[in-house]
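The structure appears right after this line, and notes come after that.
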Amino acid sequence: MEGARNGGGRRRWRWGWVVGALIAVLLATAATSRNSPRNPLSGITSKLCQCTESRKYTGIVEDCCCDYETVDSLNKEVLHPILQDLVTTPFFRYFKVKLWCDCPFWPDDGMCRLRDCSVCECPESEFPEPFKKPFHGLSADDLICQEGKPQATVDRTLDSKIFRGWIEVDNPWTYDDETDNGSASTEMTYVNLQLNPERYTGYTGPSARRIWETIYTENCPKYPSGEFCQEKKVLYKLISGLHSSISVHIASDYLLDETDNLWGENLELLYDRVLKHPERVRNLYFTFLFVLRAVTKAPDYLEQAEYNTGNLEEDLKTQSLVRQLVYNPKLQTACPLPFDEAKLWQGESGPELKQQIQKQFRNISALMDCVGCEKCRLWGKLQILGLGTALKILFSVDHQNYINQQLQLQRNEVIALMNLLNRLSESVKFVHDKGPYAERIVGGKISSPSSKNSL
């Protein structure tokens, strides 16, 4: 009996020790959780962290009709995935461009020191056979641009009953050498954009700076905030946003080690050229929404276009992706009017101002022939043509006489437009995904008194 009592006492003592240990562990855990930062990836505490997290860019994108949060969400869930697939299809993969150009403003003295600056042209057997065939014109009844009514509330969409084939037609916003028309077309060649990605090329120095300086100072200067001219402000923001996007792509695909041909992200460059200038980020979002508006303004035109490359399966896929993009229900619900173009070119001076800004943009497109890097010239021409196509779609109709007017695009313009939208989509996503980390790490290091800016 005594042994049994002793055994029972020992068991009770062991159980008491275990319970006491558990209590001690729970108390220690509670104390630690109070004194330690919450893990943003664990359970309920993630909600608490998200509540206190602040966004640097929030609210409505300036001069647009959609907010930053919605743009980031739509881009991630809808636009970016569709565009990534679309630009790899045979129709949107090949771009016709004149690479060997004489600069109309000064002798071309820009040289690239990297092999990555050169462009790999397509052999004639590679690009789609239908691209070689002559274009056929369209009747005036095919494409009716039904833009709005004289009332305050207007329906600013482009509608068409039938769309077949591609045509050759001038773009009033761009330099002739960027189109398929005239003698320039015989000097143009097809380029596979998938084999010539936009990234760092080593094109730096006075030649590269002179391009951007000429664009800004002579064609779209930044006007003082007190001077109200919405149209000139829009042109500046479009070019600034495009410039930001190009800088983002250079930073996202940068040559880190030339000896080992090592490529990767350069977050210091991203911060230095874009992130530490909030206006450039805002202009990037503005340009993205502006181009998106152009695409969503012509849904029937783009959906019914003839995406013929001779590969039936791929062509059906292309048409399906275009349809998913221009008629996307999430996009139509969350951001039905990314940019309101009807507020521009109003008043008696509207037509004259439009001609002036068209001339400035044509000068900018002509400046692409002065880019001393072949691959930079390729992407500069493509994206300026894409931006010119967006301007053409949004402002192709005379608001005073909108009846029986039509929108006409050439194949190269549609290819440039969609590839530009994809480039902007990639830039917005990269800034959203990498921006906070780059600002925290790189920005903090640069702002520290003991650190030096390596750029």
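Residues in the structure tokens are named by chain (A, B, ... in the order shown) and by number from 1 within that chain; ligands are numbered from 1 in the order shown.
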Helix (DSSP H, G or I) residues, from DSSP on the backbone, in range 174-320 of chain A, as a PyMOL selection string: chain A and resi 176-178+183-187+193-195+206-219+230-252+267-275+278-297+299-303+312-320
Find the spatial neighbours of Trp106 in chain A, counting only C-alpha atoms, within a cut-off of 10 Å - ignore same-chain residues fewer than 4 positions away - and output them as an NGL selection string. :A and (102 or 367 or 370)
Residues from last step as file, all heavy atoms, as a PDB file, in the first residue's frame:
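This went into again.pdb:
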```pdb
ATOM      1  N   ASP A 102      17.949  57.416 -91.792  1.00  0.00           N
ATOM      2  CA  ASP A 102      18.765  58.619 -91.677  1.00  0.00           C
ATOM      3  C   ASP A 102      18.055  59.589 -90.751  1.00  0.00           C
ATOM      4  O   ASP A 102      16.883  59.907 -90.940  1.00  0.00           O
ATOM      5  CB  ASP A 102      18.975  59.268 -93.041  1.00  0.00           C
ATOM      6  CG  ASP A 102      19.813  58.404 -93.962  1.00  0.00           C
ATOM      7  OD1 ASP A 102      20.714  57.709 -93.449  1.00  0.00           O
ATOM      8  OD2 ASP A 102      19.557  58.402 -95.180  1.00  0.00           O
ATOM      9  N   LEU A 367      11.898  61.580 -84.611  1.00  0.00           N
ATOM     10  CA  LEU A 367      13.117  61.504 -83.799  1.00  0.00           C
ATOM     11  C   LEU A 367      13.550  60.068 -83.544  1.00  0.00           C
ATOM     12  O   LEU A 367      14.718  59.821 -83.213  1.00  0.00           O
ATOM     13  CB  LEU A 367      12.902  62.218 -82.461  1.00  0.00           C
ATOM     14  CG  LEU A 367      13.138  63.723 -82.448  1.00  0.00           C
ATOM     15  CD1 LEU A 367      12.570  64.342 -81.187  1.00  0.00           C
ATOM     16  CD2 LEU A 367      14.620  64.034 -82.588  1.00  0.00           C
ATOM     17  N   CYS A 370      16.583  58.875 -85.151  1.00  0.00           N
ATOM     18  CA  CYS A 370      17.861  59.390 -84.655  1.00  0.00           C
ATOM     19  C   CYS A 370      18.416  58.552 -83.508  1.00  0.00           C
ATOM     20  O   CYS A 370      19.521  58.830 -83.016  1.00  0.00           O
ATOM     21  CB  CYS A 370      17.691  60.839 -84.190  1.00  0.00           C
ATOM     22  SG  CYS A 370      17.125  61.963 -85.487  1.00  0.00           S
TER      23      CYS A 370
END
```
Please provide the set of residues having any atom within 12 Å of range 267-271 of chain A, restricted to only C-alpha atoms, with same-chain residues fewer than 3 positions apart removed, written as an MDAnalysis selection string. chainID A and resid 200 244:256 264 274:278 280:281 427 430:447 452:455
Using only C-alpha atoms, pick whichever of A:Pro90, A:Asp272, A:Leu337, A:Glu352 has the shortest atom-to-atom distance to Ile415 in chain A. A:Pro90
Fewer than 5 positions away in the same chain doesn't count, so skip those; otherwise give me all residues within 8 Å of Leu331 in chain A, counting only C-alpha atoms, as a VMD selection string. chain A and resid 74 78 336
